[in-house]
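Text of start_10.cif (mmCIF, C-alpha atoms) as supplied:
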```cif
data_start
loop_
_atom_site.label_atom_id
_atom_site.label_comp_id
_atom_site.auth_asym_id
_atom_site.auth_seq_id
_atom_site.Cartn_x
_atom_site.Cartn_y
_atom_site.Cartn_z
CA MET A 179 19.96 82.18 106.24
CA ALA A 180 22.87 79.90 105.41
CA GLY A 181 23.54 78.34 102.03
CA SER A 182 23.56 81.36 99.72
CA SER A 183 27.09 80.66 98.43
CA PHE A 184 28.37 78.16 95.87
CA GLY A 185 31.94 77.21 94.91
CA LYS A 186 35.27 76.90 96.71
CA GLN A 187 37.94 78.56 94.58
CA LEU A 188 35.51 80.57 92.47
CA VAL A 189 32.67 81.55 94.80
CA MET A 190 29.31 83.20 94.16
CA THR A 191 27.01 84.55 96.86
CA THR A 192 23.57 85.69 95.76
CA TRP A 193 21.37 88.08 97.71
CA GLY A 194 17.97 89.78 97.49
CA GLU A 195 14.31 88.86 97.18
CA SER A 196 11.78 88.77 94.36
CA HIS A 197 9.89 91.86 95.59
CA GLY A 198 12.69 93.66 97.41
CA ALA A 199 14.60 96.65 96.07
CA GLY A 200 16.84 94.43 93.99
CA ILE A 201 18.80 91.23 93.67
CA GLY A 202 22.48 90.65 93.14
CA VAL A 203 25.58 88.56 93.48
CA VAL A 204 29.17 88.78 94.66
CA VAL A 205 31.79 86.71 92.79
CA ASP A 206 35.12 86.11 94.51
CA GLY A 207 38.16 84.20 93.30
CA CYS A 208 38.22 85.45 89.72
CA GLN A 209 41.70 86.21 88.43
CA ALA A 210 42.70 89.74 87.50
CA GLY A 211 42.76 90.81 83.86
CA LEU A 212 39.69 88.98 82.56
CA PRO A 213 37.76 91.09 80.00
CA VAL A 214 34.28 91.71 81.48
CA SER A 215 31.65 94.39 80.86
CA GLU A 216 28.04 95.07 81.73
CA LYS A 217 27.17 94.69 78.04
CA TYR A 218 28.66 91.19 77.97
CA ILE A 219 26.83 90.05 81.12
CA GLN A 220 23.60 91.59 79.82
CA THR A 221 23.57 89.19 76.84
CA TYR A 222 23.09 86.33 79.31
CA LEU A 223 20.52 88.14 81.46
CA ASP A 224 18.44 89.01 78.39
CA ARG A 225 17.95 85.29 77.79
CA ARG A 226 16.52 84.84 81.30
CA LYS A 227 14.57 88.03 81.89
CA PRO A 228 10.74 88.02 82.08
CA GLY A 229 8.44 89.64 79.56
CA GLY A 230 8.87 90.28 75.89
CA ARG A 231 8.38 86.72 74.62
CA ASP A 232 5.64 84.11 74.40
CA PHE A 233 5.17 81.65 77.28
CA ALA A 234 6.99 83.87 79.77
CA THR A 235 5.54 85.79 82.68
CA PRO A 236 4.36 89.26 81.57
CA ARG A 237 6.26 90.81 84.46
CA GLN A 238 8.30 93.51 82.71
CA GLU A 239 11.77 93.72 84.21
CA ALA A 240 14.65 95.27 82.28
CA ASP A 241 17.06 93.21 84.39
CA ARG A 242 19.82 95.76 83.77
CA VAL A 243 22.99 94.73 85.55
CA ARG A 244 25.27 97.20 87.32
CA ILE A 245 28.82 96.22 88.17
CA LEU A 246 29.57 97.87 91.51
CA SER A 247 33.09 96.60 92.15
CA GLY A 248 35.86 94.33 90.93
CA VAL A 249 36.09 95.63 87.35
CA PHE A 250 38.17 98.57 86.15
CA GLU A 251 38.53 99.76 82.56
CA GLY A 252 36.85 96.61 81.25
CA ARG A 253 38.96 94.07 83.13
CA THR A 254 38.63 92.27 86.44
CA THR A 255 40.91 93.51 89.20
CA GLY A 256 41.13 90.24 91.15
CA THR A 257 38.96 91.65 93.96
CA PRO A 258 35.33 90.62 94.67
CA ILE A 259 32.99 91.45 91.79
CA SER A 260 29.69 92.81 93.04
CA MET A 261 26.70 93.11 90.69
CA MET A 262 23.18 94.41 91.25
CA ILE A 263 19.91 94.16 89.32
CA GLU A 264 17.09 96.45 90.45
CA ASN A 265 13.51 95.20 90.78
CA THR A 266 11.27 97.69 88.98
CA SER A 267 8.01 95.82 88.31
CA GLN A 268 6.87 94.38 91.64
CA ARG A 269 3.13 93.88 92.17
CA SER A 270 3.14 92.70 95.77
CA GLY A 271 -0.62 93.12 96.04
CA ASP A 272 -1.05 90.05 93.86
CA TYR A 273 0.25 87.97 96.77
CA GLY A 274 -1.75 89.46 99.66
CA ASN A 275 -3.98 86.39 99.99
CA LEU A 276 -0.89 84.17 100.40
CA ALA A 277 0.31 85.69 103.68
CA THR A 278 -1.35 82.87 105.63
CA THR A 279 -1.99 80.30 102.88
CA TYR A 280 0.41 77.63 101.62
CA ARG A 281 0.55 77.32 97.85
CA PRO A 282 0.64 73.73 96.54
CA GLY A 283 3.99 72.91 94.96
CA HIS A 284 5.80 75.86 96.58
CA ALA A 285 8.21 76.32 99.49
CA ASP A 286 5.70 78.25 101.64
CA TYR A 287 5.00 75.55 104.22
CA GLY A 288 8.66 74.55 104.50
CA TYR A 289 9.68 78.18 105.10
CA ASP A 290 7.15 78.58 107.89
CA ALA A 291 8.20 75.28 109.44
CA LYS A 292 11.89 76.29 109.36
CA TYR A 293 11.83 80.01 110.13
CA GLY A 294 8.38 80.76 111.53
CA PHE A 295 8.34 83.74 109.18
CA ARG A 296 8.47 84.20 105.42
CA ASP A 297 8.33 86.81 102.67
CA TYR A 298 5.17 85.75 100.84
CA ARG A 299 5.57 88.32 98.04
CA GLY A 300 6.50 86.16 95.08
CA GLY A 301 8.32 83.65 97.25
CA GLY A 302 11.14 85.91 98.47
CA ARG A 303 14.45 84.04 98.23
CA SER A 304 12.76 80.91 96.86
CA SER A 305 11.51 82.82 93.81
CA GLY A 306 12.89 82.00 90.40
CA ARG A 307 13.94 85.64 90.24
CA GLU A 308 16.90 84.79 92.51
CA THR A 309 18.49 83.06 89.51
CA ALA A 310 19.25 86.38 87.82
CA GLY A 311 22.21 86.79 90.17
CA ARG A 312 23.41 83.30 89.29
CA VAL A 313 23.25 84.10 85.59
CA ALA A 314 25.36 87.23 86.07
CA ALA A 315 27.94 85.22 88.02
CA GLY A 316 27.85 82.38 85.52
CA ALA A 317 28.51 84.79 82.67
CA ILE A 318 31.86 85.59 84.31
CA ALA A 319 32.57 81.86 84.67
CA ALA A 320 31.75 81.34 81.00
CA ARG A 321 34.26 84.07 80.16
CA ILE A 322 36.92 82.23 82.18
CA LEU A 323 36.16 78.98 80.35
CA GLU A 324 36.27 80.77 77.01
CA ALA A 325 39.91 81.61 77.70
CA TYR A 326 40.59 77.86 77.95
CA GLY A 327 38.64 77.00 74.80
CA ILE A 328 35.71 75.52 76.75
CA ARG A 329 32.16 76.22 75.51
CA VAL A 330 28.86 75.65 77.33
CA GLN A 331 25.51 75.53 75.50
CA ALA A 332 22.08 74.68 76.94
CA TYR A 333 18.78 74.16 75.17
CA VAL A 334 15.28 72.89 75.92
CA SER A 335 15.10 69.22 75.02
CA ALA A 336 11.50 68.57 76.07
CA VAL A 337 8.28 70.44 76.77
CA GLY A 338 5.86 67.89 78.14
CA HIS A 339 5.79 65.02 75.63
CA VAL A 340 7.30 67.11 72.81
CA ARG A 341 11.00 66.54 72.06
CA PRO A 342 13.26 67.85 69.29
CA ASP A 343 13.94 65.33 66.52
CA PRO A 344 17.68 64.41 66.56
CA LYS A 345 17.44 63.94 62.79
CA ARG A 346 16.87 67.70 62.46
CA PHE A 347 19.73 68.94 64.67
CA ASP A 348 23.03 67.86 66.21
CA PRO A 349 22.36 67.08 69.91
CA LEU A 350 26.04 67.75 70.76
CA ASN A 351 26.35 70.91 68.66
CA PRO A 352 22.95 72.64 68.39
CA ASP A 353 22.66 75.81 66.33
CA PRO A 354 22.48 78.82 68.73
CA GLU A 355 20.60 80.84 66.12
CA VAL A 356 17.81 78.24 65.92
CA ILE A 357 17.62 78.13 69.72
CA ALA A 358 17.37 81.93 69.91
CA ALA A 359 14.82 82.12 67.09
CA ASN A 360 11.95 80.50 69.00
CA ALA A 361 10.33 81.39 72.31
CA LEU A 362 10.95 77.94 73.79
CA SER A 363 14.74 77.81 73.31
CA MET A 364 14.50 74.55 71.39
CA PRO A 365 17.08 73.52 68.74
CA ASP A 366 14.38 72.24 66.38
CA GLY A 367 11.91 74.77 64.96
CA GLU A 368 9.27 72.16 64.11
CA ALA A 369 9.32 70.75 67.63
CA ALA A 370 9.14 74.28 69.03
CA ALA A 371 5.97 74.95 67.02
CA GLU A 372 4.40 71.70 68.26
CA ALA A 373 5.36 72.50 71.85
CA ALA A 374 3.91 76.00 71.52
CA GLU A 375 0.56 74.59 70.45
CA TYR A 376 0.63 72.17 73.39
CA LEU A 377 1.31 75.02 75.82
CA ARG A 378 -1.50 77.16 74.41
CA LYS A 379 -3.96 74.36 75.13
CA LEU A 380 -2.64 74.02 78.68
CA MET A 381 -2.95 77.75 79.25
CA GLU A 382 -6.58 77.62 78.15
CA GLU A 383 -7.06 74.93 80.79
CA GLN A 384 -5.25 77.11 83.39
CA ASP A 385 -2.50 74.53 83.68
CA SER A 386 1.27 74.24 83.14
CA SER A 387 3.87 71.84 81.76
CA GLY A 388 7.09 70.18 82.86
CA SER A 389 10.23 70.50 80.75
CA GLU A 390 13.79 69.29 80.29
CA VAL A 391 16.99 71.23 79.61
CA THR A 392 20.09 69.64 78.09
CA CYS A 393 23.50 71.25 78.54
CA ILE A 394 26.61 70.37 76.49
CA VAL A 395 30.14 71.33 77.55
CA THR A 396 32.78 71.01 74.83
CA GLY A 397 36.54 71.52 74.93
CA VAL A 398 36.94 70.24 78.49
CA PRO A 399 40.35 68.59 78.92
CA ALA A 400 40.71 65.32 80.80
CA GLY A 401 41.54 65.71 84.48
CA ILE A 402 39.01 68.19 85.90
CA GLY A 403 37.28 67.11 89.11
CA GLU A 404 38.23 65.36 92.33
CA PRO A 405 37.89 61.59 92.87
CA VAL A 406 35.88 61.51 96.12
CA PHE A 407 33.37 64.07 97.46
CA ASP A 408 34.14 66.80 94.92
CA LYS A 409 33.59 64.67 91.84
CA LEU A 410 32.85 66.77 88.77
CA ASP A 411 29.44 65.13 88.38
CA ALA A 412 28.72 65.58 92.11
CA VAL A 413 29.52 69.31 91.96
CA LEU A 414 27.48 69.66 88.76
CA GLY A 415 24.63 67.84 90.46
CA GLN A 416 24.68 70.27 93.37
CA ALA A 417 24.85 73.24 91.00
CA ILE A 418 21.87 72.11 88.92
CA PHE A 419 19.79 70.72 91.79
CA SER A 420 20.13 74.09 93.54
CA ILE A 421 18.03 75.64 90.76
CA GLY A 422 14.40 75.87 91.85
CA ALA A 423 11.97 73.32 90.33
CA VAL A 424 14.71 70.85 89.24
CA LYS A 425 13.62 67.34 90.26
CA ALA A 426 16.20 65.19 88.44
CA VAL A 427 19.71 65.58 87.00
CA GLU A 428 21.28 63.10 84.60
CA ILE A 429 24.84 62.78 83.28
CA GLY A 430 25.41 60.96 80.00
CA ASP A 431 22.93 58.10 79.58
CA GLY A 432 21.50 58.88 83.02
CA THR A 433 18.75 56.55 84.21
CA ALA A 434 19.00 54.52 80.99
CA VAL A 435 22.05 52.76 82.49
CA VAL A 436 19.65 50.74 84.64
CA GLU A 437 18.68 48.61 81.64
CA ALA A 438 22.13 48.55 80.01
CA ARG A 439 24.76 45.83 80.16
CA GLY A 440 28.38 46.55 81.01
CA SER A 441 29.38 45.55 77.49
CA GLU A 442 26.96 48.17 76.17
CA ASN A 443 27.59 50.95 78.68
CA ASN A 444 31.41 50.92 78.77
CA ASP A 445 33.05 53.48 76.47
CA SER A 446 35.95 51.95 74.53
CA PHE A 447 39.18 53.94 74.36
CA TYR A 448 41.36 54.27 71.28
CA MET A 449 44.15 56.49 70.00
CA LYS A 450 43.18 59.35 67.69
CA ASP A 451 45.80 61.73 66.30
CA GLY A 452 48.17 60.77 69.09
CA ALA A 453 45.65 61.36 71.88
CA VAL A 454 43.33 59.14 73.92
CA ALA A 455 39.73 59.23 72.66
CA LYS A 456 36.47 57.33 73.22
CA ARG A 457 34.34 55.59 70.61
CA THR A 458 31.12 56.31 72.54
CA ASN A 459 30.16 58.64 75.37
CA HIS A 460 27.63 56.83 77.55
CA ALA A 461 29.45 58.28 80.59
CA GLY A 462 28.69 61.84 79.51
CA GLY A 463 32.32 62.95 79.65
CA ILE A 464 32.95 62.04 83.31
CA LEU A 465 34.53 58.87 84.68
CA GLY A 466 35.37 58.39 88.36
CA GLY A 467 34.33 61.97 89.02
CA ILE A 468 36.98 63.33 86.63
CA SER A 469 36.51 64.69 83.10
CA ASP A 470 37.69 62.28 80.40
CA GLY A 471 38.06 64.75 77.53
CA SER A 472 34.71 63.98 75.87
CA GLU A 473 31.73 66.30 75.73
CA ILE A 474 30.02 66.64 79.10
CA VAL A 475 26.30 65.96 78.70
CA ILE A 476 23.85 67.04 81.42
CA ARG A 477 20.05 66.94 81.53
CA ALA A 478 17.87 68.70 84.09
CA SER A 479 14.19 67.85 84.56
CA PHE A 480 11.94 70.73 85.67
CA LYS A 481 8.58 70.15 87.28
CA PRO A 482 5.53 71.96 85.87
CA THR A 483 5.21 75.55 87.05
CA PRO A 484 3.39 75.20 90.39
CA SER A 485 1.63 78.59 90.09
CA ILE A 486 -1.47 77.74 88.07
CA PHE A 487 -4.67 79.76 87.92
CA ARG A 488 -7.21 76.98 88.45
CA GLU A 489 -8.60 76.54 91.97
CA GLN A 490 -6.60 74.20 94.21
CA GLN A 491 -7.10 72.73 97.66
CA THR A 492 -4.61 73.59 100.41
CA VAL A 493 -4.37 74.64 104.06
CA ASN A 494 -3.58 77.89 105.85
CA SER A 495 -1.31 78.67 108.81
CA SER A 496 -4.29 78.25 111.16
CA GLY A 497 -4.61 74.61 110.14
CA GLU A 498 -7.79 75.07 108.10
CA ASP A 499 -8.58 73.42 104.77
CA VAL A 500 -9.13 76.17 102.18
CA ALA A 501 -9.50 76.65 98.43
CA LEU A 502 -6.91 78.81 96.69
CA SER A 503 -6.87 80.63 93.37
CA ILE A 504 -3.42 82.04 92.61
CA ARG A 505 -3.14 85.46 91.02
CA GLY A 506 -0.04 87.16 89.64
CA ARG A 507 2.16 86.70 86.55
CA HIS A 508 3.63 83.27 85.94
CA ASP A 509 5.31 81.20 83.23
CA PRO A 510 3.34 78.18 81.94
CA VAL A 511 6.65 76.29 81.58
CA ILE A 512 9.99 76.79 83.32
CA GLY A 513 12.58 75.29 80.93
CA PRO A 514 12.82 78.04 78.28
CA ARG A 515 13.93 80.75 80.73
CA ALA A 516 15.81 78.26 82.91
CA ALA A 517 18.04 77.03 80.07
CA VAL A 518 20.48 79.91 80.55
CA VAL A 519 20.43 79.27 84.31
CA VAL A 520 21.45 75.64 83.75
CA GLU A 521 24.10 76.83 81.29
CA THR A 522 25.64 79.40 83.63
CA MET A 523 25.51 77.20 86.74
CA THR A 524 27.24 74.48 84.73
CA ALA A 525 29.86 76.99 83.61
CA PHE A 526 30.41 78.13 87.19
CA ALA A 527 30.84 74.58 88.51
CA VAL A 528 33.31 73.65 85.77
CA ALA A 529 35.26 76.91 86.16
CA ASP A 530 35.49 76.43 89.93
CA LEU A 531 36.92 72.93 89.58
CA LEU A 532 39.19 74.03 86.75
CA LEU A 533 40.72 76.76 88.92
CA ARG A 534 41.02 74.38 91.88
CA GLY A 535 42.80 71.83 89.71
CA GLN A 536 45.46 74.24 88.51
CA SER A 537 47.54 73.45 91.59
CA SER A 538 46.95 69.68 91.51
CA ARG A 539 50.01 68.88 89.44
CA PHE A 540 53.58 70.14 89.58
CA ASP A 541 55.02 70.89 86.14
CA GLY A 542 58.18 72.68 87.34
CA ASP A 543 61.86 71.74 87.13
CA PRO A 544 62.05 68.01 86.21
CA GLY A 545 65.60 67.96 87.58
CA MET A 546 64.15 68.14 91.09
CA ASN A 547 63.44 64.40 90.83
CA ASP A 548 67.18 63.81 91.14
CA ARG A 549 67.30 65.76 94.40
CA ILE A 550 64.48 63.95 96.21
#
```

Here is a file; write its structure as structure tokens.
Amino acid sequence: MAGSSFGKQLVMTTWGESHGAGIGVVVDGCQAGLPVSEKYIQTYLDRRKPGGRDFATPRQEADRVRILSGVFEGRTTGTPISMMIENTSQRSGDYGNLATTYRPGHADYGYDAKYGFRDYRGGGRSSGRETAGRVAAGAIAARILEAYGIRVQAYVSAVGHVRPDPKRFDPLNPDPEVIAANALSMPDGEAAAEAAEYLRKLMEEQDSSGSEVTCIVTGVPAGIGEPVFDKLDAVLGQAIFSIGAVKAVEIGDGTAVVEARGSENNDSFYMKDGAVAKRTNHAGGILGGISDGSEIVIRASFKPTPSIFREQQTVNSSGEDVALSIRGRHDPVIGPRAAVVVETMTAFAVADLLLRGQSSRFDGDPGMNDRI
């Protein structure tokens, strides 16, 4: 299977299946000397792991990360960093009836069409469990960005029709404690309570909800990203679209630009404390594929969880129309556990382009100009 790696200078390669012995990731291209520990990476994985909170699958996985290589005495060595997370709570029997049946909304049919064979236990590589490796890798990227004063924060900005009220929080600087205090990772406690009630009703109806995650990147200097194929927004789009269940990615005003006028959408520049600044940020911090020094604003739209318990109509591998009732343990909404995935994939994309851009400009001996 191709396509399990992401990045050019900073590269992650994930491996493993939902019901295999474990999942993991290898990160290459990280500089030596970066402070990293299993405890630090675990803080990110704990935000993604199943079980232990409302509206999450009851699958109980500790998701304990083990660093197998690339770190010595608490610092990276500059060699590939390999990390593993064991699977300890597989219930493969829940998926026995799916060996020959294609679940609506899943990758089952596509896998059979491509490979002629698939791991039907929880979706194999297409399972949301694959993202644990991404989170571990993204935690390292976030550590790199931290050294440059760059901060990445994601939160759930919609569960179905319920959205946080911008009058009750700062959309560009949400309170991490409020986000962590509710099961839906929302920055507005009142909205979280309303969304929780909405989800309870859907669960009674054996249904699920779509959701949206917003990610804010602050402290990014102007100049990150390439002007053609490796635009910052293009790389971010690939990073976020590669997360399962994402159906749309927006930067800045996103699709709202369709109804805007140029006079409304353009961000005016001005000088502030001797530096170039913008009066507005409709562009979401990226112009021409390059960061402009403003906050980068990203939104990812997640489809409703496709694994629902009500009976659905589908077909099997023999070409027969059949009825299907899905068993197993599934989230009624994806966004709350996916927020940290969006956050860490964003961090990885920005860190990769940041490291690539370090050799884009020569700041050596200015006297060389006289010798050209």

Quick one: apply the PyMOL selection byres ((chain A and resi 517-531) around 7) to the file and drop the selected residues here as a PyMOL selection string.
chain A and resi 185-188+225-226+309+312-313+316-317+319-320+322-323+330-334+391+393+402-403+413-414+417-418+513-516+532-535

Quote the spacing between CA of Gly388 in chain A and CA of Arg477 in chain A in Å to one decimal place.
13.4 Å

Picked residues, the PyMOL selection byres ((chain A and resi 209) around 6), as JSON, numbers by chain:
{"A": [208, 210, 256]}

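Distance check against Arg281 in chain A using only C-alpha atoms: of A:Met261, A:Lys409, A:Tyr298, A:Val203, the minimum falls on A:Tyr298.
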
Once the PyMOL selection byres ((chain A and resi 390) around 6) has been applied to the shown file, what residues remain in the selection, as an MDAnalysis selection string?
chainID A and resid 334:336 389 391 478:480

Return the single residue from A:Ala453, A:Val340, A:Val475, A:Ala277 that is closest to Asp366 in chain A, with distances computed using only C-alpha atoms.
A:Val340

Excluding Tyr218 in chain A and any residue of its chain fewer than 6 positions from it, enumerate the residues within 10 Å of it, using all atoms listed in the file, and give them as an MDAnalysis selection string.
chainID A and resid 314 317:318 321

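Compared by their closest atoms to Ile468 in chain A, and using only C-alpha atoms, the residues A:Val454, A:Val493, A:Ala438, A:Leu410 rank with A:Leu410 nearest.
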
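For the residues A:Pro258, A:Gly452, A:Gly432, A:Pro510, ranking by smallest atom-to-atom distance to Asp411 in chain A using only C-alpha atoms places A:Gly432 first.
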
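You can rank A:Ser304, A:Ser386, A:Ser472, A:Thr266 by their closest distance to Gly200 in chain A using all atoms listed in the file, and at the top of that list sits A:Thr266.
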
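Across A:Ala240, A:Leu212, A:Val337, A:Val406, the tightest approach to Lys481 in chain A is made by A:Val337 when counting only C-alpha atoms.
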
Can you complete the atoms of range 486-503 of chain A to N, CA and C atoms and list them as an mmCIF file, in the coordinates of the input?
```cif
data_model
loop_
_atom_site.group_PDB
_atom_site.id
_atom_site.type_symbol
_atom_site.label_atom_id
_atom_site.label_comp_id
_atom_site.auth_asym_id
_atom_site.auth_seq_id
_atom_site.Cartn_x
_atom_site.Cartn_y
_atom_site.Cartn_z
ATOM 1 N N ILE A 486 -0.454 77.862 89.110
ATOM 2 C CA ILE A 486 -1.470 77.740 88.070
ATOM 3 C C ILE A 486 -2.725 78.454 88.542
ATOM 4 N N PHE A 487 -3.551 78.886 87.588
ATOM 5 C CA PHE A 487 -4.670 79.760 87.920
ATOM 6 C C PHE A 487 -5.952 79.012 88.284
ATOM 7 N N ARG A 488 -6.003 77.708 88.070
ATOM 8 C CA ARG A 488 -7.210 76.980 88.450
ATOM 9 C C ARG A 488 -7.262 76.816 89.973
ATOM 10 N N GLU A 489 -8.445 76.663 90.518
ATOM 11 C CA GLU A 489 -8.600 76.540 91.970
ATOM 12 C C GLU A 489 -7.975 75.247 92.464
ATOM 13 N N GLN A 490 -7.249 75.353 93.612
ATOM 14 C CA GLN A 490 -6.600 74.200 94.210
ATOM 15 C C GLN A 490 -6.951 74.128 95.690
ATOM 16 N N GLN A 491 -6.829 72.932 96.235
ATOM 17 C CA GLN A 491 -7.100 72.730 97.660
ATOM 18 C C GLN A 491 -5.792 72.789 98.442
ATOM 19 N N THR A 492 -5.807 73.470 99.586
ATOM 20 C CA THR A 492 -4.610 73.590 100.410
ATOM 21 C C THR A 492 -5.017 73.841 101.862
ATOM 22 N N VAL A 493 -4.073 74.291 102.668
ATOM 23 C CA VAL A 493 -4.370 74.640 104.060
ATOM 24 C C VAL A 493 -3.734 76.002 104.345
ATOM 25 N N ASN A 494 -4.176 76.615 105.440
ATOM 26 C CA ASN A 494 -3.580 77.890 105.850
ATOM 27 C C ASN A 494 -2.799 77.700 107.147
ATOM 28 N N SER A 495 -2.157 78.758 107.615
ATOM 29 C CA SER A 495 -1.310 78.670 108.810
ATOM 30 C C SER A 495 -2.108 78.429 110.080
ATOM 31 N N SER A 496 -3.433 78.548 110.006
ATOM 32 C CA SER A 496 -4.290 78.250 111.160
ATOM 33 C C SER A 496 -4.734 76.790 111.178
ATOM 34 N N GLY A 497 -4.260 76.016 110.188
ATOM 35 C CA GLY A 497 -4.610 74.610 110.140
ATOM 36 C C GLY A 497 -5.976 74.334 109.550
ATOM 37 N N GLU A 498 -6.473 75.235 108.709
ATOM 38 C CA GLU A 498 -7.790 75.070 108.100
ATOM 39 C C GLU A 498 -7.652 74.654 106.644
ATOM 40 N N ASP A 499 -8.524 73.766 106.188
ATOM 41 C CA ASP A 499 -8.580 73.420 104.770
ATOM 42 C C ASP A 499 -9.246 74.562 104.022
ATOM 43 N N VAL A 500 -8.586 75.036 102.943
ATOM 44 C CA VAL A 500 -9.130 76.170 102.180
ATOM 45 C C VAL A 500 -8.928 75.920 100.692
ATOM 46 N N ALA A 501 -9.678 76.652 99.894
ATOM 47 C CA ALA A 501 -9.500 76.650 98.430
ATOM 48 C C ALA A 501 -8.678 77.879 98.066
ATOM 49 N N LEU A 502 -7.804 77.715 97.075
ATOM 50 C CA LEU A 502 -6.910 78.810 96.690
ATOM 51 C C LEU A 502 -6.907 79.006 95.187
ATOM 52 N N SER A 503 -7.048 80.258 94.766
ATOM 53 C CA SER A 503 -6.870 80.630 93.370
ATOM 54 C C SER A 503 -5.714 81.612 93.310
#
```
